[in-house]
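Colleague: If you scroll down you'll find the structure; I have some questions about it.
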2 protein chains.
Amino acid sequence: MKLATYKDGSRDGQLVLVSRDLTSAHYATGIANQLQAVLDDWNFMAPQLQDLSDALNSGKARHAFAFDPQQCMAPLPRAGLWAGACAYRSHVALVHRPGEAPAPAGRDSAPLMYQGGSDGFLGACDAVLLASEAYGIDFEAGVAVICADVRLGATPAQALDGIRLLMLVNDVSLRHLMAAELARGLGLLQSKPATAFSPVTVTPDELGEAWDKGRLHLTLQSSWNGRKVGLCEAGPEMTFHFGQLMAHLCQTRHLRAGAIMGSGAVSNQDRSRGYSCIAEKRAIETLQDGQALTEFMKFGDTIRIEMKGRDGQSVFGAIEQEIAPLENAVMKRPNQAQAAA
Amino acid sequence: MKLATYKDGSRDGQLVLVSRDLTSAHYATGIANQLQAVLDDWNFMAPQLQDLSDALNSGKARHAFAFDPQQCMAPLPRAGLWAGACAYRSHVALVHRPGEAPAPAGRDSAPLMYQGGSDGFLGACDAVLLASEAYGIDFEAGVAVICADVRLGATPAQALDGIRLLMLVNDVSLRHLMAAELARGLGLLQSKPATAFSPVTVTPDELGEAWDKGRLHLTLQSSWNGRKVGLCEAGPEMTFHFGQLMAHLCQTRHLRAGAIMGSGAVSNQDRSRGYSCIAEKRAIETLQDGQALTEFMKFGDTIRIEMKGRDGQSVFGAIEQEIAPLENAVMKRPNQAQAAA
């Protein structure tokens, strides 16, 4: 089944089921109002949602309405954990080069991973609001999973069984703030503003054979200002699959239902595939020409990230974001605006 | 007012009000069941809780019962963000030394900070379950705040207004896993298992003059296996106050209600004050004798962390944890045990 969270003015939104072709939707009211509640009690709630999903897909749901990705919050608008990995070796090799950023130690033996803020994600069509273009604004297009409870010490195979849902992610990076944070060693804080997710999150069974042992074998499309810049294969070159990523984090703690794990920028060795983040393009230019010619994103720039199934249909809907100056920024809810402002 | 969250078998527990002297408690049922709901709508709910708190403190609350810290989950059992700082310069100077761990760059101009998992915190009396003593198990006793919404770009002074609640924290570190993670640059993941908080969280007004411009001027007591090892002043030597810590994180993103920020190990230049983490003791030994003599924690070891007010009474109740081997570990709820196990 496919799920999304509609904006309703609240922090957690309203859970909706979405049809396989993304044309229609139906509120999950009566089963669960929020996705976190479903994740907290999956075995009880998922079968009920599946029944409604079946009705929706067969055109028999009574109160279906046209699905609008613009109305979507992140499928899980806030979560207990968001960890972003660098699961593609060619991304690590290009972006973590001397002079660009320190090359992390032991990057081949264990996955590189950072923990980010999960207190307020962006919806698929929400603007990326930032104070300055000088941060070196970059998109990072990847795949993410939402987890069930996975116990401390779980093996990669056990962790795989704890994947409930998949979605796309734009984990924006502020490249000019990143090198200093990498040097400090304690992780990425200022260099990682709010993360956005695709309008729709889907259960693994929706992906058929494209989902195979923790890797998603489909093509991730990234279009920057309307120009296709990336058509990257997400499956074969994922050095660490999602079960391995989750097991890495589980070595000393439990993962709790709703934890989200991202793949990092999808990257292929075949450079004709393009790129899922600008830093890679700049690294290639630097290798070839001695300097990076492509500039980072400017205010007004747009990024569109999408993945099509083997039937040619969009699986998760598209992330479509604009980079916008902070002066337009307001926190969106009345009781948020009252806070320290 | 003082608040705690009682275990009830659910993931978020039941919110209770606790009397100032920590002897009695009262369910907040009818106002709010969970602390996150209060934080989400503070201006509406806090006055109602305050009324009940006043009744409890004057002995007029009808259904009060004896308060038992053993029944406590973390005041906020899961949150959207947990960031731990290293706000005390003497801690950074001792622990981040050559040979022990890399000295982070720029540590005096901006606060050192990492983001940790916030999907499942430990209650004040929950055991610290780990697979191996060889990790180099260390306690880290500090102060933490729970935030309101604080907007992107907030100044330190503005951020201070967004502090709703204070509590104590034991942010356990696995020292032998940490150096490698610091070298990788992306932050602390495996070296930071689940974090525990004091039984009770309190509004700033409960602290009177001890709470002053983002610093808590009281003494943090740490007792390891029953022996007092730290009597550290939390106020005067906090290099970056809580408003500065929060503003650091807010440079490129909003903080959302329920985000938690920790001070890191409280540390004083006067070494007769003792220590709030073993790594400091070992660093001092290494400086004095050429080698660290004090070993890290073993299974069966206990740590007690408490802070007394100027009236001599415990402000937050005590964190009292035992280090225990993982073979005893089970995830605590039926639907958690069903997950990938």
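The chains in the structure tokens are called A, B, ... from first to last as shown; in each chain the residues are counted from 1, and the ligands are counted from 1 in the order shown.
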For stretch 183-192 of chain A, work out the shell of residues within 7 Å, counting only C-alpha atoms and skipping chain neighbours fewer than 3 positions away, then give it as a ChimeraX atom specification.

Modeller: /A:114,116,172-175,177-180 /B:104-105,113-114,182-188,249,251-252

Colleague: Mind checking which residues fall within 12 Å of stretch 235-239 of chain A, counting only C-alpha atoms, ignoring those fewer than 3 positions away in the same chain, and posting them as a ChimeraX atom specification?

Modeller: /A:85-93,107-112,142-143,209-220,232,242-245,262-270

Colleague: What's the 6 Å shell around stretch 68-84 of chain A, counting only C-alpha atoms, without same-chain residues fewer than 5 positions away, as an MDAnalysis selection string?

Modeller: (chainID A and resid 4:7 12 113:116 118:123 125 197 199 258:262 264) or (chainID B and resid 79:80 117:119)

Colleague: Write out as a PyMOL selection string which residues come within 10 Å of B:Glu206 when counting only C-alpha atoms, dropping same-chain ones fewer than 5 positions away.

Modeller: chain B and resi 1-2+20+165-166+211+309+315

Colleague: Per DSSP on the backbone, what are the helix (DSSP H, G or I) residues of stretch 109-212 of chain A, as a compact mmCIF listing (two decimals) with all heavy atoms, in the first residue's frame?

Modeller:
# COMPACT_ATOMS: atom_id res chain seq x y z
N GLU A 133 22.70 32.27 0.17
CA GLU A 133 23.18 31.42 -0.93
C GLU A 133 24.63 31.02 -0.72
O GLU A 133 25.12 30.08 -1.33
CB GLU A 133 23.07 32.16 -2.26
CG GLU A 133 21.63 32.43 -2.70
CD GLU A 133 21.59 33.27 -3.98
OE1 GLU A 133 22.55 34.02 -4.22
OE2 GLU A 133 20.59 33.18 -4.71
N ALA A 134 25.32 31.76 0.14
CA ALA A 134 26.76 31.53 0.33
C ALA A 134 27.06 30.24 1.09
O ALA A 134 28.21 29.87 1.25
CB ALA A 134 27.38 32.72 1.06
N TYR A 135 26.00 29.57 1.58
CA TYR A 135 26.22 28.30 2.29
C TYR A 135 26.71 27.20 1.37
O TYR A 135 27.19 26.16 1.83
CB TYR A 135 24.91 27.83 2.94
CG TYR A 135 24.43 28.64 4.13
CD1 TYR A 135 23.06 28.78 4.37
CD2 TYR A 135 25.32 29.22 5.04
CE1 TYR A 135 22.60 29.48 5.46
CE2 TYR A 135 24.86 29.94 6.13
CZ TYR A 135 23.49 30.06 6.34
OH TYR A 135 23.02 30.75 7.43
N PRO A 156 22.30 -7.76 9.95
CA PRO A 156 21.74 -7.10 8.76
C PRO A 156 20.49 -7.81 8.24
O PRO A 156 19.52 -7.16 7.86
CB PRO A 156 22.90 -7.16 7.76
CG PRO A 156 24.13 -7.10 8.62
CD PRO A 156 23.78 -7.93 9.83
N ALA A 157 20.48 -9.15 8.25
CA ALA A 157 19.31 -9.88 7.76
C ALA A 157 18.11 -9.65 8.66
O ALA A 157 16.98 -9.48 8.17
CB ALA A 157 19.63 -11.38 7.67
N GLN A 158 18.34 -9.64 9.97
CA GLN A 158 17.24 -9.36 10.89
C GLN A 158 16.73 -7.93 10.72
O GLN A 158 15.53 -7.67 10.76
CB GLN A 158 17.70 -9.59 12.34
CG GLN A 158 17.94 -11.06 12.67
CD GLN A 158 18.71 -11.25 13.96
OE1 GLN A 158 19.43 -10.36 14.42
NE2 GLN A 158 18.58 -12.43 14.55
N ALA A 159 17.66 -7.00 10.53
CA ALA A 159 17.27 -5.61 10.36
C ALA A 159 16.40 -5.43 9.12
O ALA A 159 15.45 -4.65 9.12
CB ALA A 159 18.50 -4.71 10.29
N LEU A 160 16.71 -6.18 8.05
CA LEU A 160 15.91 -6.09 6.81
C LEU A 160 14.44 -6.36 7.08
O LEU A 160 13.56 -5.75 6.47
CB LEU A 160 16.42 -7.10 5.78
CG LEU A 160 17.57 -6.68 4.89
CD1 LEU A 160 17.81 -7.75 3.83
CD2 LEU A 160 17.29 -5.34 4.21
N ARG A 175 27.25 22.88 1.63
CA ARG A 175 28.61 22.35 1.44
C ARG A 175 29.67 23.24 2.07
O ARG A 175 30.69 22.74 2.55
CB ARG A 175 28.90 22.18 -0.05
CG ARG A 175 27.99 21.18 -0.74
CD ARG A 175 28.28 19.74 -0.34
NE ARG A 175 27.33 18.82 -0.98
CZ ARG A 175 27.24 17.53 -0.66
NH1 ARG A 175 28.01 17.01 0.28
NH2 ARG A 175 26.37 16.77 -1.27
N HIS A 176 29.46 24.55 2.07
CA HIS A 176 30.51 25.42 2.60
C HIS A 176 30.55 25.41 4.13
O HIS A 176 31.48 25.92 4.73
CB HIS A 176 30.34 26.84 2.06
CG HIS A 176 30.51 26.93 0.57
ND1 HIS A 176 31.36 26.10 -0.13
CD2 HIS A 176 29.90 27.72 -0.37
CE1 HIS A 176 31.29 26.39 -1.43
NE2 HIS A 176 30.41 27.35 -1.59
N LEU A 177 29.51 24.86 4.75
CA LEU A 177 29.52 24.70 6.21
C LEU A 177 29.99 23.31 6.61
O LEU A 177 30.24 23.03 7.78
CB LEU A 177 28.11 24.93 6.78
CG LEU A 177 27.43 26.28 6.50
CD1 LEU A 177 26.06 26.33 7.18
CD2 LEU A 177 28.30 27.43 6.96
N MET A 178 30.10 22.42 5.64
CA MET A 178 30.31 21.02 5.97
C MET A 178 31.76 20.66 6.31
O MET A 178 32.00 19.89 7.25
CB MET A 178 29.82 20.14 4.81
CG MET A 178 29.75 18.66 5.15
SD MET A 178 28.96 17.70 3.85
CE MET A 178 27.22 18.10 4.13
N ALA A 179 32.70 21.22 5.59
CA ALA A 179 34.10 20.83 5.81
C ALA A 179 34.52 21.11 7.26
O ALA A 179 35.15 20.28 7.91
CB ALA A 179 35.01 21.57 4.83
N ALA A 180 34.11 22.27 7.78
CA ALA A 180 34.47 22.60 9.16
C ALA A 180 33.83 21.64 10.15
O ALA A 180 34.45 21.23 11.14
CB ALA A 180 34.06 24.04 9.48
N GLU A 181 32.58 21.23 9.86
CA GLU A 181 31.91 20.31 10.78
C GLU A 181 32.52 18.91 10.71
O GLU A 181 32.64 18.24 11.72
CB GLU A 181 30.40 20.28 10.50
CG GLU A 181 29.73 21.61 10.84
CD GLU A 181 28.22 21.52 11.00
OE1 GLU A 181 27.58 20.85 10.17
OE2 GLU A 181 27.69 22.13 11.95
N LEU A 182 32.92 18.49 9.51
CA LEU A 182 33.61 17.20 9.40
C LEU A 182 34.91 17.23 10.19
O LEU A 182 35.27 16.25 10.86
CB LEU A 182 33.89 16.88 7.93
CG LEU A 182 32.69 16.40 7.10
CD1 LEU A 182 33.04 16.38 5.62
CD2 LEU A 182 32.22 15.02 7.56
N ALA A 183 35.61 18.36 10.14
CA ALA A 183 36.89 18.46 10.85
C ALA A 183 36.68 18.41 12.37
O ALA A 183 37.54 17.92 13.10
CB ALA A 183 37.60 19.75 10.46
N ARG A 184 35.53 18.90 12.84
CA ARG A 184 35.26 18.87 14.27
C ARG A 184 34.92 17.47 14.74
O ARG A 184 35.04 17.16 15.93
CB ARG A 184 34.13 19.85 14.61
CG ARG A 184 34.57 21.31 14.50
CD ARG A 184 33.38 22.23 14.27
NE ARG A 184 32.54 22.37 15.44
CZ ARG A 184 32.70 23.31 16.37
NH1 ARG A 184 33.70 24.15 16.29
NH2 ARG A 184 31.89 23.38 17.40
N PRO A 204 7.15 -2.38 1.04
CA PRO A 204 8.06 -3.05 0.10
C PRO A 204 7.34 -3.87 -0.97
O PRO A 204 7.81 -3.96 -2.10
CB PRO A 204 8.91 -3.94 1.02
CG PRO A 204 8.91 -3.24 2.34
CD PRO A 204 7.54 -2.62 2.45
N ASP A 205 6.18 -4.46 -0.64
CA ASP A 205 5.49 -5.31 -1.62
C ASP A 205 5.04 -4.53 -2.84
O ASP A 205 4.82 -5.11 -3.91
CB ASP A 205 4.29 -6.01 -0.97
CG ASP A 205 3.26 -5.00 -0.45
OD1 ASP A 205 3.54 -4.33 0.56
OD2 ASP A 205 2.20 -4.86 -1.08
N GLU A 206 4.88 -3.20 -2.71
CA GLU A 206 4.51 -2.38 -3.87
C GLU A 206 5.61 -2.33 -4.92
O GLU A 206 5.38 -1.91 -6.06
CB GLU A 206 4.20 -0.93 -3.43
CG GLU A 206 2.96 -0.77 -2.58
CD GLU A 206 1.68 -0.84 -3.41
OE1 GLU A 206 1.73 -0.65 -4.64
OE2 GLU A 206 0.61 -1.11 -2.82
N LEU A 207 6.81 -2.70 -4.53
CA LEU A 207 7.97 -2.53 -5.41
C LEU A 207 8.29 -3.80 -6.20
O LEU A 207 9.13 -3.78 -7.10
CB LEU A 207 9.19 -2.11 -4.59
CG LEU A 207 8.97 -0.78 -3.84
CD1 LEU A 207 9.96 -0.64 -2.70
CD2 LEU A 207 9.08 0.38 -4.81
N GLY A 208 7.62 -4.90 -5.84
CA GLY A 208 7.84 -6.15 -6.56
C GLY A 208 9.30 -6.56 -6.53
O GLY A 208 9.98 -6.42 -5.50
N GLU A 209 9.77 -7.05 -7.68
CA GLU A 209 11.14 -7.55 -7.74
C GLU A 209 12.18 -6.44 -7.72
O GLU A 209 13.37 -6.72 -7.57
CB GLU A 209 11.32 -8.40 -9.00
CG GLU A 209 10.48 -9.68 -8.96
CD GLU A 209 10.67 -10.52 -10.21
OE1 GLU A 209 11.44 -10.09 -11.10
OE2 GLU A 209 10.05 -11.60 -10.28
N ALA A 210 11.75 -5.20 -7.87
CA ALA A 210 12.71 -4.09 -7.82
C ALA A 210 13.31 -3.94 -6.43
O ALA A 210 14.40 -3.38 -6.27
CB ALA A 210 12.04 -2.78 -8.25

Colleague: Using only C-alpha atoms, find the one residue out of B:Gly30, B:Gly317, B:Gly312, B:Gly290 that sits nearest to B:Leu52.

Modeller: B:Gly30

Colleague: Env of stretch 54-59 of chain A: 12 Å cut, atoms = only C-alpha atoms, seq-sep filter 2 positions within chain, self excluded. Answer as a list in words.

Modeller: Met1, Lys2, Leu3, Val16, Leu17, Val18, Ser19, Arg20, Asp21, Leu22, Thr23, Ser24, Ala25, His26, Tyr27, Ala28, Pro47, Gln48, Leu49, Gln50, Asp51, Leu52, Ala61, Arg62, His63, Ala64, Phe65, Ala66 and Phe67 of chain A

Colleague: Using only C-alpha atoms, which residue out of B:Val169, B:Val200, B:Ala46, B:Leu326 lies closest to chain A?

Modeller: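 Among the listed residues, B:Leu326 lies closest to chain A.
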
Colleague: DSSP on the backbone: which residues in stretch 247-305 of chain A end up as strand (DSSP E)? Give the answer as a PDB file with N, CA, C and O atoms, in the first residue's frame.

Modeller:
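The resulting file, out30.pdb, is reproduced below:
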ATOM      1  N   ILE A 260      14.041   6.586  10.837  1.00  0.00           N
ATOM      2  CA  ILE A 260      14.206   6.700   9.380  1.00  0.00           C
ATOM      3  C   ILE A 260      15.688   6.639   9.028  1.00  0.00           C
ATOM      4  O   ILE A 260      16.516   7.292   9.675  1.00  0.00           O
ATOM      5  N   MET A 261      15.989   5.833   8.018  1.00  0.00           N
ATOM      6  CA  MET A 261      17.373   5.655   7.576  1.00  0.00           C
ATOM      7  C   MET A 261      17.470   6.003   6.094  1.00  0.00           C
ATOM      8  O   MET A 261      16.682   5.501   5.294  1.00  0.00           O
ATOM      9  N   GLY A 262      18.409   6.861   5.742  1.00  0.00           N
ATOM     10  CA  GLY A 262      18.571   7.268   4.347  1.00  0.00           C
ATOM     11  C   GLY A 262      19.832   6.689   3.726  1.00  0.00           C
ATOM     12  O   GLY A 262      20.809   6.402   4.416  1.00  0.00           O
ATOM     13  N   THR A 302      15.156  25.275  -8.631  1.00  0.00           N
ATOM     14  CA  THR A 302      14.248  24.184  -8.276  1.00  0.00           C
ATOM     15  C   THR A 302      14.946  22.838  -8.427  1.00  0.00           C
ATOM     16  O   THR A 302      15.875  22.693  -9.222  1.00  0.00           O
ATOM     17  N   ILE A 303      14.481  21.892  -7.640  1.00  0.00           N
ATOM     18  CA  ILE A 303      14.985  20.520  -7.739  1.00  0.00           C
ATOM     19  C   ILE A 303      13.784  19.576  -7.747  1.00  0.00           C
ATOM     20  O   ILE A 303      12.843  19.731  -6.949  1.00  0.00           O
ATOM     21  N   ARG A 304      13.799  18.637  -8.686  1.00  0.00           N
ATOM     22  CA  ARG A 304      12.727  17.641  -8.773  1.00  0.00           C
ATOM     23  C   ARG A 304      13.363  16.257  -8.707  1.00  0.00           C
ATOM     24  O   ARG A 304      14.318  15.958  -9.442  1.00  0.00           O
ATOM     25  N   ILE A 305      12.877  15.429  -7.827  1.00  0.00           N
ATOM     26  CA  ILE A 305      13.433  14.092  -7.609  1.00  0.00           C
ATOM     27  C   ILE A 305      12.296  13.085  -7.719  1.00  0.00           C
ATOM     28  O   ILE A 305      11.267  13.224  -7.048  1.00  0.00           O
TER      29      ILE A 305
END

Colleague: Using only C-alpha atoms for the distances, tell me which of B:His241, B:Arg256, B:Arg273, B:Arg310 is nearest to B:Ile146.

Modeller: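 Of the candidates, the smallest distance to B:Ile146 is held by B:Arg256.
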
Colleague: Rounded to one decimal in Å, what is the spacing between atom CA of A:Lys60 and atom CA of A:Ile319?

Modeller: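 Result for atom CA of A:Lys60 versus atom CA of A:Ile319: 28.7 Å, one decimal.
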
Colleague: Point out the residue among A:Arg282, A:Lys308, A:His96, A:Arg271 with the least atom-to-atom distance to chain B, counting only C-alpha atoms.

Modeller: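 Nearest candidate to chain B out of A:Arg282, A:Lys308, A:His96, A:Arg271: A:His96.
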
Colleague: In terms of the shortest atom-to-atom distance over only C-alpha atoms, which of B:Met45, B:Asp138, B:Gly162, B:Asn33 is closest to B:Leu255?

Modeller: B:Gly162

Colleague: For atom CA of B:Leu130 and atom CA of B:Glu322, determine how far apart the two atoms are, in Å to one decimal place.

Modeller: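 Calculated distance between atom CA of B:Leu130 and atom CA of B:Glu322 is 10.8 Å.
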
Colleague: Nearest to chain A among B:Ser276, B:Thr29, B:Gln14, B:Thr155, with distances taken over only C-alpha atoms: which residue is it?

Modeller: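 Smallest separation from chain A among the options: B:Thr155.
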
Colleague: For A:Lys281, please output as a ChimeraX atom specification all residues within 9 Å (counting only C-alpha atoms; exclusion window: fewer than 4 positions along the same chain).

Modeller: /A:94,274-277,285-286,292-294

Colleague: Any chance you could export the current selection's N, CA and C atoms as a PDB file, in the first residue's frame?

Modeller:
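Result file part.pdb:
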ATOM      1  N   LEU A  94      34.076  10.436  -4.556  1.00  0.00           N
ATOM      2  CA  LEU A  94      34.121  11.732  -5.230  1.00  0.00           C
ATOM      3  C   LEU A  94      34.043  12.900  -4.262  1.00  0.00           C
ATOM      4  N   GLY A 274      25.065  10.826 -14.753  1.00  0.00           N
ATOM      5  CA  GLY A 274      24.836  12.106 -14.102  1.00  0.00           C
ATOM      6  C   GLY A 274      25.008  11.999 -12.603  1.00  0.00           C
ATOM      7  N   TYR A 275      24.339  12.896 -11.894  1.00  0.00           N
ATOM      8  CA  TYR A 275      24.606  13.006 -10.471  1.00  0.00           C
ATOM      9  C   TYR A 275      23.332  13.248  -9.662  1.00  0.00           C
ATOM     10  N   SER A 276      23.391  12.861  -8.380  1.00  0.00           N
ATOM     11  CA  SER A 276      22.282  13.078  -7.450  1.00  0.00           C
ATOM     12  C   SER A 276      22.629  14.147  -6.422  1.00  0.00           C
ATOM     13  N   CYS A 277      23.785  14.782  -6.577  1.00  0.00           N
ATOM     14  CA  CYS A 277      24.130  15.959  -5.782  1.00  0.00           C
ATOM     15  C   CYS A 277      25.205  16.726  -6.547  1.00  0.00           C
ATOM     16  N   GLU A 285      34.463  17.784 -12.201  1.00  0.00           N
ATOM     17  CA  GLU A 285      35.052  18.931 -12.916  1.00  0.00           C
ATOM     18  C   GLU A 285      36.451  19.245 -12.400  1.00  0.00           C
ATOM     19  N   THR A 286      36.584  19.179 -11.086  1.00  0.00           N
ATOM     20  CA  THR A 286      37.886  19.484 -10.500  1.00  0.00           C
ATOM     21  C   THR A 286      38.923  18.458 -10.934  1.00  0.00           C
ATOM     22  N   ALA A 292      36.168  23.502 -10.125  1.00  0.00           N
ATOM     23  CA  ALA A 292      34.737  23.253 -10.222  1.00  0.00           C
ATOM     24  C   ALA A 292      34.077  24.413 -10.943  1.00  0.00           C
ATOM     25  N   LEU A 293      33.354  24.122 -12.024  1.00  0.00           N
ATOM     26  CA  LEU A 293      32.707  25.181 -12.805  1.00  0.00           C
ATOM     27  C   LEU A 293      31.235  25.334 -12.429  1.00  0.00           C
ATOM     28  N   THR A 294      30.605  24.233 -12.097  1.00  0.00           N
ATOM     29  CA  THR A 294      29.182  24.278 -11.755  1.00  0.00           C
ATOM     30  C   THR A 294      29.016  24.891 -10.372  1.00  0.00           C
TER      31      THR A 294
END
